[in-house]
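Chemist: The structure under discussion is supplied below as C-alpha cells; questions concerning it will follow.
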Amino acid sequence: MRHEDKLPVLLQTALSDPRQTGAQPVAPAWRAGTDMDRARQQGRGRAGVAAGAVALPTDGLPRDPLARRITALHFPTLAMDRYLRHRDRMGNPVPDDLPLALAVDGPHGPILHATNRAARLAGMRLGERVVDMRALCPDLQVEFADIAGDRAMLARLMLWCRRWCPWTALDGETGLVMDSTGSDHLWGGEAAMLRDIEEKFALMGLSCDPAIAPTHGAAWALSRHGGLRETCHGPELAQRMAPLPVAALRLAPDTVLLLQRLGLKTVGDLAAVPRRALARRFARAPLGQNPLMRLDQMMGRLAEPVQSPDDPPRFAVQSRLPEPVIDPDPHLPALAQDLCAGLAAEGMGARRVTLTLYRTDGEVAALSVATARASRDAAHLLRLFEGRLERLDPGFGFDLITLEASVVEALDMVQTRIDGHVDGETELARLIDRLSARFGADRITRPAPKDSHIPERRERWQSAMVPAAGALAPPRRPRPLRLLDPPEEIRVLYAVPEGPPVQFTWRRLAHKVTRFAGPERIAPEWWADRPSARLRDYYRIETQHGRRYWLYREGLAGDGRGGPPRWFLHGVFA
Amino acid sequence: METPVRCAPPAPKTAAQLLSDRATDTVGAADSPTLTEIFAENASDGGPLGFLLAQIDPACGPVLWISDRLSRQESGRLCIAGLPRPLEVIAVDVNRPLDVLWAMEQGLGCGVLGAVVGEIWGDPPQLDFTATKRLALRAEAHGVAAWLIRRAAHPNLSAARKRWRVASLAALPDPDDSRAPGAPLWQATLFRSRWGAPGDWVARPTAQGGLHLDHRVEADAALPRAAEH
C-alpha cells in the first residue's frame with residue numbers, strides 16, 4: 001500500500017536489477033563470488049567490496065602504471081535520446097523526418113543543446129541560437145532541455161553500470177567511466193564486453209560509444225574521437241594516441257584553440273614538443289587548461305584512479321510533503337512501517353536507522369539511532385526516536401523526510417510464542433536500545449573484565465551494544481563491593497612504617513582501626529606500568545563503627561621511587 | 001560459557017488483578033517482587049549494598065544497575081570481582097536523579113530482568129510519592145523487584161512497600177585469623193512495611209548467598225563475638 005507522495009526507494013529498482021533488464025535470466029556469475037556475497041550480506045556498501053577486491057601486489061615489484069583497464073562510455077545524444085524515449089512512452093512519438101531540437105538558455109536567447117538526426121541533416125549546429133537556426137530551417141521544432149533530469153539519469157546509469165564491474169563513476173555531463181580491470185573475462189573478453197555494453201544501451205534507446213584503454217584519459221579520447229568499440233593496450237598507447245586531435249585531451253575550448261593556433265593540432269604534435277617548453281608555458285594553468293598534465297594522465301605518467309562513489313543506502317523510504325511542516329512526529333509511523341516491510345521482504349534487520357529532514361531553507365537535520373540486535377519492528381524503532389525529536393531543529397519547516405537503515409544485518413524469521421511474546425534476549429536488547437537512545441551507548445555498560453592483578457584494571461566496562469564478554473575466574477582473596485575511582489588519599493597513623501595503620505583520616509573524619517587483615521602485596525605490572533610505579537600493600541580493615549574498607553600503602557619507605565609512601569582508600573566491603 | 005535459556009516473562013498484571021491478588025492472598029503478596037527502599041546510615045558504608053545483594057537471586061536474570069553521578073562519585077562503582085555471587089549486571093550511568101527514575105521505569109517494564117537497582121543520592125524533589133508509587137505499581141505488575149538505595153537521604157513520604165535502614169556492625173571473627181574481620185553483620189531496621197510488622201534485626205549473609213535475619217537478643221547469644229581489643 002504505497003501512495004504516490006511516498007516513494008520507497010530501494011536500490012534494487014527495476015532499472016538497476018540486472019536480472020530484469022538484461023536478456024540473461026540469471027545474475028552474472030561473478031556476483032556470486034564470495035567477496036561480493038559477503039559485502040552484500042553485511043550491507044557495507046562499496047567500501048567493503050573495494051577492500052575485498054583490491055589487493056596490493058605483495059611481491060614488492062613496482063606497479064605497472066598501464067596495467068589497469070579503464071572503460072569510458074560516451075553518450076553523444078543522451079539528452080535527445082531521453083527526450084525521444086519519453087515521447088515514445090507518452091504515446092506521442094516524434095516522426096523521424098521532423099527536425100527537432102532541445103534548447104537551453106544562452107546569453108542572447110535560447111541556443112541549441114541537442115538535435116535529432118533530421119535536424120542534423122538540415123544543417124542545425126549545436127550551440128547556435130534558436131532564432132538563427134529557425135531562419136535556416138523554418139519547420140524546426142524546439143523543446144526545452146531538462147538538464148537536471150539528464151544528470152539524474154546519468155547518475156542512475158552509473159549505478160546500473162556496476163553490473164559490469166564494481167567501480168563506476170560519472171565523467172562529465174555525457175559520460176561514464178569504469179575501472180574494468182579483471183572484470184572483462186567474466187563477459188568473455190573485452191570485445192565481447194563492449195559489444196554487450198553497446199547492446200544493452202541500445203535496448204534502452206541510448207546510443208553509446210564505449211572504449212577501453214589503460215588510462216582514463218586515453219579511454220576518454222578513444223570513446224569520443226576513436227573508432228567503434230576500440231580497445232587499446234599499453235605498448236601501442238603512444239602510437240594510437242598520436243593521430244588524435246588535441247581536443248581529445250579533455251582540455252577547455254580556449255586551450256584547444258590556443259594549441260591549434262600554435263600549430264599543435266594532434267596529440268602526437270604535442271608529445272613531440274620538448275617537455276620543458278610546455279612546462280614553462282603552462283606552469284600555473286589548472287588541470288583543465290594544462291596540456292602537459294592532461295598528456296601525462298593520458299600516457300599514465302600521472303595517476304588518475306576512478307573514484308567510485310558509494311552505493312546509496314539499500315533500504316530507505318521517503319515522504320515528500322506537499323507543504324513545509326515543523327513536526328516530523330505524525331509522518332514517522334508510516335515511514336517506519338514501510339521501511340520495516342522492505343527489510344522484511346529482504347530478510348534483513350536494521351542496526352542503525354537514520355532520520356533525515358530536508359529543510360526548506362537548504363539545511364539538513366539528521367538523527368540516528370542504533371540497536372543492539374538487528375530489528376525490523378516498526379514500533380520498537382519508533383520508540384527509539386521518542387524524546388529525541390525535540391533536539392532536531394526543523395527551522396522554518398521541512399518538505400522531505402527520509403528514514404534509512406544505514407547499517408543492516410541479516411535477520412531470519414523467528415517463531416514467536418503462541419501467546420505472542422518475544423523471547424527474553426530480544427526483550428533485553430530492546431531495553432538496551434531504548435536506554436542507549438536516551439543516554440548514549442557509552443553509558444549502558446556491561447563488565448568486560450581484563451586479566452590483570454591491578455584491581456581497577458581488572459574492572460573494565462564496555463558498551464552493552466556489543467555482545468557480553470566472558471567472565472573471569474573469581475579472585476582468591478576477598479575483594480570489595482565498591483571501588484573508588486580514583487582511590488582517595490588518606491592520612492594515616494601507624495605503629496611501624498611497614499605495618500597496618502592504627503588510625504586514619506578520610507574525608508575529614510577520623511577512623512580507628514579495630515581489626516585488619518593483610519597485607520596483600522600487588523606489584524606493578526612492569527609490562528604496562530611506568531618504571532616509577534610503586535607496589536601496593538593492601539589491608540582489609542574494620543573501623544570502630546563496624547565499617548570495612550580496603551586501604552593500601554603505595555610503595556615502601558626507602559624503595560627509591562619517590563618520597564615516603566602514601567596511603568589510599570580504594571574500596572568498601574560489605 | 002553457554003548462555004542460559006530464559007523463558008519469556010509472563011504478561012503484565014492489570015490493576016484489577018493486582019487488587020484482587022492483594023485482597024485474597026496476603027502471604028503471597030508479601031513475597032512477590034515490589035519496590036523496596038534501603039537507607040544507608042552512613043553514605044560510605046558498604047553494608048546496605050551487601051544487604052541488598054544477599055537478597056538478589058542471580059537465577060532470576062540480569063540486574064539493571066542504575067546510579068546517578070553523585071552516588072558514583074561519593075561511594076564508588078560496583079566491583080564485579082567483589083560480588084558475593086556471580087551476577088549478570090548491566091550498568092547504566094546517568095547524571096540526574098530524574099534519569100535514574102526514567103531508566104528504572106523502563107527496566108521494570110522488561111520482565112526478563114531479575115531486579116532493577118537504582119542509587120539516588122540525597123533527597124531530590126523528583127523522588128516524591130508519585131514517582132515511588134509508579135515504580136511500585138510497575139514492579140508489581142511486571143514481577144520485577146525494584147530496589148532504591150538512598151544515601152545521605154531522609155525517609156520522606158514514599159510508596160515503597162518496605163523501607164529498611166541498614167548499617168554495618170562489627171563483623172564476626174575470622175576463624176583463621178583472630179585479628180581479622182570475618183563474615184559481615186548488619187544492623188537492619190525495617191521501619192515501614194506494608195505486610196509485615198516493622199522490626200529490628202541483625203542480618204548476615206548465609207553460606208548459600210541468601211540473607212538470614214536474627215533478633216538482636218538471639219544474635220547476641222548465638223553468634224560468637226570478637227575478642228575486645
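Ordered as shown in the C-alpha cells, chains take letters A, B, and onward, while each chain numbers its residues from 1 and ligands are numbered from 1 in the order shown.
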Would you please give, as an mmCIF file with N, CA, C and O atoms, in the first residue's frame, all residues of region 203-302 of chain A that DSSP assigns to helix (DSSP H, G or I) based on the backbone?
Modeler:
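Produced file selection.cif, reproduced below:
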data_model
loop_
_atom_site.group_PDB
_atom_site.id
_atom_site.type_symbol
_atom_site.label_atom_id
_atom_site.label_comp_id
_atom_site.auth_asym_id
_atom_site.auth_seq_id
_atom_site.Cartn_x
_atom_site.Cartn_y
_atom_site.Cartn_z
ATOM 1 N N LEU A 203 19.235 -1.305 -26.368
ATOM 2 C CA LEU A 203 17.904 -1.786 -25.997
ATOM 3 C C LEU A 203 17.148 -0.730 -25.201
ATOM 4 O O LEU A 203 15.927 -0.670 -25.232
ATOM 5 N N HIS A 216 42.510 6.564 -17.965
ATOM 6 C CA HIS A 216 41.238 7.258 -18.093
ATOM 7 C C HIS A 216 41.279 8.214 -19.283
ATOM 8 O O HIS A 216 40.351 8.272 -20.093
ATOM 9 N N GLY A 217 42.379 8.951 -19.413
ATOM 10 C CA GLY A 217 42.486 9.930 -20.485
ATOM 11 C C GLY A 217 42.431 9.274 -21.850
ATOM 12 O O GLY A 217 41.739 9.747 -22.767
ATOM 13 N N ALA A 218 43.137 8.172 -21.997
ATOM 14 C CA ALA A 218 43.160 7.505 -23.293
ATOM 15 C C ALA A 218 41.796 6.916 -23.618
ATOM 16 O O ALA A 218 41.322 7.002 -24.766
ATOM 17 N N ALA A 219 41.128 6.328 -22.609
ATOM 18 C CA ALA A 219 39.809 5.763 -22.856
ATOM 19 C C ALA A 219 38.830 6.863 -23.233
ATOM 20 O O ALA A 219 37.986 6.694 -24.124
ATOM 21 N N TRP A 220 38.935 8.004 -22.548
ATOM 22 C CA TRP A 220 38.058 9.131 -22.871
ATOM 23 C C TRP A 220 38.255 9.549 -24.317
ATOM 24 O O TRP A 220 37.306 9.745 -25.083
ATOM 25 N N ALA A 221 39.542 9.665 -24.709
ATOM 26 C CA ALA A 221 39.842 10.108 -26.059
ATOM 27 C C ALA A 221 39.323 9.121 -27.096
ATOM 28 O O ALA A 221 38.725 9.506 -28.106
ATOM 29 N N LEU A 222 39.506 7.835 -26.843
ATOM 30 C CA LEU A 222 39.069 6.839 -27.817
ATOM 31 C C LEU A 222 37.557 6.799 -27.922
ATOM 32 O O LEU A 222 36.999 6.584 -28.996
ATOM 33 N N SER A 223 36.854 6.987 -26.782
ATOM 34 C CA SER A 223 35.403 6.919 -26.847
ATOM 35 C C SER A 223 34.845 8.111 -27.612
ATOM 36 O O SER A 223 33.818 7.991 -28.259
ATOM 37 N N ARG A 224 35.499 9.259 -27.543
ATOM 38 C CA ARG A 224 34.986 10.450 -28.239
ATOM 39 C C ARG A 224 35.531 10.571 -29.653
ATOM 40 O O ARG A 224 34.841 11.023 -30.550
ATOM 41 N N HIS A 225 36.804 10.261 -29.801
ATOM 42 C CA HIS A 225 37.451 10.539 -31.077
ATOM 43 C C HIS A 225 37.963 9.286 -31.767
ATOM 44 O O HIS A 225 38.616 9.384 -32.802
ATOM 45 N N LEU A 237 50.002 2.373 -26.928
ATOM 46 C CA LEU A 237 49.221 3.532 -26.467
ATOM 47 C C LEU A 237 49.687 4.816 -27.153
ATOM 48 O O LEU A 237 48.885 5.542 -27.742
ATOM 49 N N ALA A 238 51.012 5.080 -27.116
ATOM 50 C CA ALA A 238 51.521 6.341 -27.655
ATOM 51 C C ALA A 238 51.250 6.422 -29.151
ATOM 52 O O ALA A 238 50.833 7.459 -29.679
ATOM 53 N N GLN A 239 51.420 5.274 -29.822
ATOM 54 C CA GLN A 239 51.218 5.254 -31.266
ATOM 55 C C GLN A 239 49.761 5.517 -31.619
ATOM 56 O O GLN A 239 49.451 6.243 -32.556
ATOM 57 N N ARG A 240 48.833 4.941 -30.812
ATOM 58 C CA ARG A 240 47.410 5.100 -31.115
ATOM 59 C C ARG A 240 46.931 6.512 -30.790
ATOM 60 O O ARG A 240 46.053 7.052 -31.461
ATOM 61 N N MET A 241 47.519 7.112 -29.762
ATOM 62 C CA MET A 241 47.065 8.428 -29.346
ATOM 63 C C MET A 241 47.573 9.521 -30.277
ATOM 64 O O MET A 241 46.984 10.599 -30.355
ATOM 65 N N VAL A 246 43.993 17.420 -30.522
ATOM 66 C CA VAL A 246 44.279 17.855 -29.149
ATOM 67 C C VAL A 246 43.004 17.992 -28.327
ATOM 68 O O VAL A 246 43.051 17.966 -27.100
ATOM 69 N N ALA A 247 41.861 18.113 -28.978
ATOM 70 C CA ALA A 247 40.605 18.178 -28.218
ATOM 71 C C ALA A 247 40.371 16.890 -27.448
ATOM 72 O O ALA A 247 39.582 16.859 -26.496
ATOM 73 N N ALA A 248 41.039 15.785 -27.831
ATOM 74 C CA ALA A 248 40.872 14.513 -27.131
ATOM 75 C C ALA A 248 41.565 14.511 -25.778
ATOM 76 O O ALA A 248 41.538 13.518 -25.073
ATOM 77 N N LEU A 249 42.232 15.617 -25.438
ATOM 78 C CA LEU A 249 42.955 15.659 -24.176
ATOM 79 C C LEU A 249 42.097 16.172 -23.020
ATOM 80 O O LEU A 249 42.621 16.458 -21.954
ATOM 81 N N PRO A 253 37.927 24.593 -24.110
ATOM 82 C CA PRO A 253 37.919 25.004 -25.533
ATOM 83 C C PRO A 253 38.939 26.083 -25.848
ATOM 84 O O PRO A 253 39.570 26.042 -26.930
ATOM 85 N N ASP A 254 39.145 27.040 -24.939
ATOM 86 C CA ASP A 254 40.096 28.094 -25.268
ATOM 87 C C ASP A 254 41.522 27.559 -25.314
ATOM 88 O O ASP A 254 42.347 28.038 -26.110
ATOM 89 N N THR A 255 41.837 26.566 -24.520
ATOM 90 C CA THR A 255 43.163 25.963 -24.577
ATOM 91 C C THR A 255 43.346 25.201 -25.880
ATOM 92 O O THR A 255 44.419 25.231 -26.496
ATOM 93 N N VAL A 256 42.285 24.503 -26.304
ATOM 94 C CA VAL A 256 42.355 23.793 -27.585
ATOM 95 C C VAL A 256 42.616 24.788 -28.706
ATOM 96 O O VAL A 256 43.466 24.572 -29.581
ATOM 97 N N LEU A 257 41.894 25.907 -28.637
ATOM 98 C CA LEU A 257 42.072 26.935 -29.662
ATOM 99 C C LEU A 257 43.501 27.472 -29.649
ATOM 100 O O LEU A 257 44.136 27.629 -30.704
ATOM 101 N N LEU A 258 44.018 27.665 -28.452
ATOM 102 C CA LEU A 258 45.378 28.184 -28.325
ATOM 103 C C LEU A 258 46.377 27.214 -28.936
ATOM 104 O O LEU A 258 47.276 27.614 -29.697
ATOM 105 N N LEU A 259 46.206 25.926 -28.628
ATOM 106 C CA LEU A 259 47.139 24.932 -29.148
ATOM 107 C C LEU A 259 47.058 24.869 -30.668
ATOM 108 O O LEU A 259 48.078 24.736 -31.356
ATOM 109 N N GLN A 260 45.826 24.977 -31.194
ATOM 110 C CA GLN A 260 45.695 24.939 -32.651
ATOM 111 C C GLN A 260 46.369 26.138 -33.275
ATOM 112 O O GLN A 260 46.984 26.046 -34.334
ATOM 113 N N ARG A 261 46.274 27.291 -32.618
ATOM 114 C CA ARG A 261 46.932 28.489 -33.161
ATOM 115 C C ARG A 261 48.438 28.340 -33.091
ATOM 116 O O ARG A 261 49.172 28.905 -33.881
ATOM 117 N N VAL A 267 47.699 15.072 -30.813
ATOM 118 C CA VAL A 267 48.383 14.665 -29.592
ATOM 119 C C VAL A 267 49.847 14.362 -29.885
ATOM 120 O O VAL A 267 50.742 14.660 -29.090
ATOM 121 N N GLY A 268 50.104 13.773 -31.069
ATOM 122 C CA GLY A 268 51.479 13.470 -31.441
ATOM 123 C C GLY A 268 52.314 14.733 -31.547
ATOM 124 O O GLY A 268 53.482 14.773 -31.107
ATOM 125 N N ASP A 269 51.723 15.793 -32.124
ATOM 126 C CA ASP A 269 52.442 17.066 -32.221
ATOM 127 C C ASP A 269 52.822 17.560 -30.834
ATOM 128 O O ASP A 269 53.947 18.012 -30.602
ATOM 129 N N LEU A 270 51.870 17.461 -29.927
ATOM 130 C CA LEU A 270 52.104 17.971 -28.585
ATOM 131 C C LEU A 270 53.169 17.147 -27.876
ATOM 132 O O LEU A 270 54.042 17.678 -27.183
ATOM 133 N N ALA A 271 53.118 15.807 -28.071
ATOM 134 C CA ALA A 271 54.087 14.949 -27.406
ATOM 135 C C ALA A 271 55.488 15.190 -27.937
ATOM 136 O O ALA A 271 56.479 14.956 -27.232
ATOM 137 N N ALA A 272 55.590 15.674 -29.185
ATOM 138 C CA ALA A 272 56.908 15.903 -29.766
ATOM 139 C C ALA A 272 57.545 17.178 -29.251
ATOM 140 O O ALA A 272 58.758 17.352 -29.376
ATOM 141 N N ARG A 275 59.437 18.735 -23.354
ATOM 142 C CA ARG A 275 58.632 18.781 -22.148
ATOM 143 C C ARG A 275 58.853 20.078 -21.370
ATOM 144 O O ARG A 275 57.923 20.671 -20.809
ATOM 145 N N ARG A 276 60.122 20.500 -21.357
ATOM 146 C CA ARG A 276 60.441 21.671 -20.548
ATOM 147 C C ARG A 276 59.730 22.920 -21.087
ATOM 148 O O ARG A 276 59.252 23.767 -20.328
ATOM 149 N N ALA A 277 59.628 23.007 -22.414
ATOM 150 C CA ALA A 277 58.964 24.172 -23.006
ATOM 151 C C ALA A 277 57.492 24.225 -22.609
ATOM 152 O O ALA A 277 56.955 25.278 -22.243
ATOM 153 N N LEU A 278 56.843 23.050 -22.671
ATOM 154 C CA LEU A 278 55.432 23.010 -22.290
ATOM 155 C C LEU A 278 55.268 23.351 -20.811
ATOM 156 O O LEU A 278 54.361 24.088 -20.422
ATOM 157 N N ALA A 279 56.159 22.805 -19.991
ATOM 158 C CA ALA A 279 56.049 23.051 -18.557
ATOM 159 C C ALA A 279 56.205 24.535 -18.259
ATOM 160 O O ALA A 279 55.504 25.090 -17.405
ATOM 161 N N ARG A 280 57.095 25.207 -18.976
ATOM 162 C CA ARG A 280 57.284 26.627 -18.722
ATOM 163 C C ARG A 280 56.053 27.412 -19.174
ATOM 164 O O ARG A 280 55.585 28.312 -18.499
ATOM 165 N N ARG A 281 55.501 27.025 -20.307
ATOM 166 C CA ARG A 281 54.367 27.776 -20.861
ATOM 167 C C ARG A 281 53.108 27.608 -19.997
ATOM 168 O O ARG A 281 52.373 28.554 -19.784
ATOM 169 N N LEU A 287 44.255 22.123 -14.115
ATOM 170 C CA LEU A 287 44.287 20.841 -14.834
ATOM 171 C C LEU A 287 43.553 20.923 -16.161
ATOM 172 O O LEU A 287 44.035 20.434 -17.169
ATOM 173 N N GLY A 288 42.405 21.573 -16.180
ATOM 174 C CA GLY A 288 41.602 21.610 -17.399
ATOM 175 C C GLY A 288 42.222 22.434 -18.504
ATOM 176 O O GLY A 288 41.799 22.347 -19.649
ATOM 177 N N GLN A 289 43.228 23.254 -18.161
ATOM 178 C CA GLN A 289 43.866 24.081 -19.190
ATOM 179 C C GLN A 289 45.342 23.753 -19.338
ATOM 180 O O GLN A 289 46.089 24.527 -19.903
ATOM 181 N N PRO A 291 47.854 21.297 -20.904
ATOM 182 C CA PRO A 291 48.020 20.172 -21.834
ATOM 183 C C PRO A 291 49.052 19.168 -21.343
ATOM 184 O O PRO A 291 48.914 17.961 -21.580
ATOM 185 N N LEU A 292 50.076 19.646 -20.623
ATOM 186 C CA LEU A 292 51.123 18.721 -20.205
ATOM 187 C C LEU A 292 50.589 17.721 -19.179
ATOM 188 O O LEU A 292 50.823 16.512 -19.288
ATOM 189 N N MET A 293 49.821 18.235 -18.207
ATOM 190 C CA MET A 293 49.271 17.322 -17.203
ATOM 191 C C MET A 293 48.252 16.375 -17.835
ATOM 192 O O MET A 293 48.191 15.189 -17.505
ATOM 193 N N ARG A 294 47.448 16.887 -18.761
ATOM 194 C CA ARG A 294 46.485 16.025 -19.425
ATOM 195 C C ARG A 294 47.202 14.959 -20.246
ATOM 196 O O ARG A 294 46.773 13.802 -20.298
ATOM 197 N N LEU A 295 48.294 15.345 -20.876
ATOM 198 C CA LEU A 295 49.069 14.377 -21.652
ATOM 199 C C LEU A 295 49.660 13.315 -20.734
ATOM 200 O O LEU A 295 49.643 12.115 -21.040
ATOM 201 N N ASP A 296 50.156 13.747 -19.581
ATOM 202 C CA ASP A 296 50.707 12.782 -18.624
ATOM 203 C C ASP A 296 49.629 11.834 -18.131
ATOM 204 O O ASP A 296 49.869 10.632 -17.967
ATOM 205 N N GLN A 297 48.446 12.369 -17.905
ATOM 206 C CA GLN A 297 47.348 11.492 -17.473
ATOM 207 C C GLN A 297 47.015 10.477 -18.554
ATOM 208 O O GLN A 297 46.773 9.309 -18.287
ATOM 209 N N MET A 298 47.029 10.946 -19.794
ATOM 210 C CA MET A 298 46.676 10.044 -20.884
ATOM 211 C C MET A 298 47.717 8.941 -21.040
ATOM 212 O O MET A 298 47.382 7.779 -21.282
ATOM 213 N N MET A 299 48.982 9.285 -20.837
ATOM 214 C CA MET A 299 50.041 8.304 -21.047
ATOM 215 C C MET A 299 50.375 7.511 -19.771
ATOM 216 O O MET A 299 51.300 6.716 -19.768
#
Chemist: Write out as a Markdown table the residues of chain A that have any atom within 6 Å of an atom of chain B, one row each with the nearest atom pair and its distance in Å to one decimal, counting only C-alpha atoms, sorted by chain and then rising number.
Modeler:
| residue | atom | partner | partner_atom | distance |
| --- | --- | --- | --- | --- |
| A:Asp423 | CA | B:Ala8 | CA | 5.2 |
| A:Gly424 | CA | B:Ala8 | CA | 5.3 |
| A:Arg443 | CA | B:Asp93 | CA | 5.2 |
| A:Ile444 | CA | B:Val92 | CA | 4.6 |
| A:Thr445 | CA | B:Ala91 | CA | 5.1 |
| A:Arg446 | CA | B:Ile90 | CA | 5.0 |
| A:Arg479 | CA | B:Gly82 | CA | 4.4 |
| A:Pro480 | CA | B:Gly82 | CA | 4.9 |
| A:Leu481 | CA | B:Gly82 | CA | 4.8 |
| A:Arg482 | CA | B:Leu78 | CA | 4.7 |
| A:Leu483 | CA | B:Gly76 | CA | 5.1 |
| A:Leu484 | CA | B:Gly76 | CA | 4.2 |
| A:Arg515 | CA | B:Ala180 | CA | 5.3 |
| A:Phe516 | CA | B:Ala180 | CA | 4.8 |
| A:Ala517 | CA | B:Ala180 | CA | 4.8 |
| A:Gly546 | CA | B:Ala170 | CA | 4.1 |
| A:Arg547 | CA | B:Ser168 | CA | 5.7 |
| A:Val572 | CA | B:Gly46 | CA | 5.6 |
| A:Phe573 | CA | B:Gly46 | CA | 5.4 |
| A:Ala574 | CA | B:Gly46 | CA | 4.4 |
Chemist: Counting only C-alpha atoms, which of A:Phe315, A:Glu143, A:Leu556, A:Lys512 gets nearest to Ala345 (chain A)?
Modeler: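 For Ala345 (chain A), the nearest of the candidates is A:Phe315.
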Chemist: As a PyMOL selection string, list the residues of region 59-92 of chain A assigned to strand (DSSP E) by DSSP on the backbone atoms of this structure.
Modeler: chain A and resi 70-74
Chemist: Counting only C-alpha atoms, what is within 8 Å of Trp147 (chain B), bar same-chain residues fewer than 3 positions away, as an MDAnalysis selection string?
Modeler: chainID B and resid 35:38 115:118
Chemist: Write the residues you've just listed into a file as a PDB file, in the first residue's frame, and include C-alpha atoms for each of them.
Modeler:
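Writing the result to out.pdb gives the following:
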ATOM      1  CA  LEU B  35       9.658  -1.717  45.476  1.00  0.00           C
ATOM      2  CA  THR B  36      11.987  -1.702  48.481  1.00  0.00           C
ATOM      3  CA  GLU B  37      13.966   1.228  49.770  1.00  0.00           C
ATOM      4  CA  ILE B  38      17.217   0.834  51.662  1.00  0.00           C
ATOM      5  CA  ALA B 115      15.974  -6.904  39.527  1.00  0.00           C
ATOM      6  CA  VAL B 116      16.328  -3.195  38.913  1.00  0.00           C
ATOM      7  CA  VAL B 117      18.526  -1.289  41.340  1.00  0.00           C
ATOM      8  CA  GLY B 118      18.630   2.487  41.495  1.00  0.00           C
TER       9      GLY B 118
END
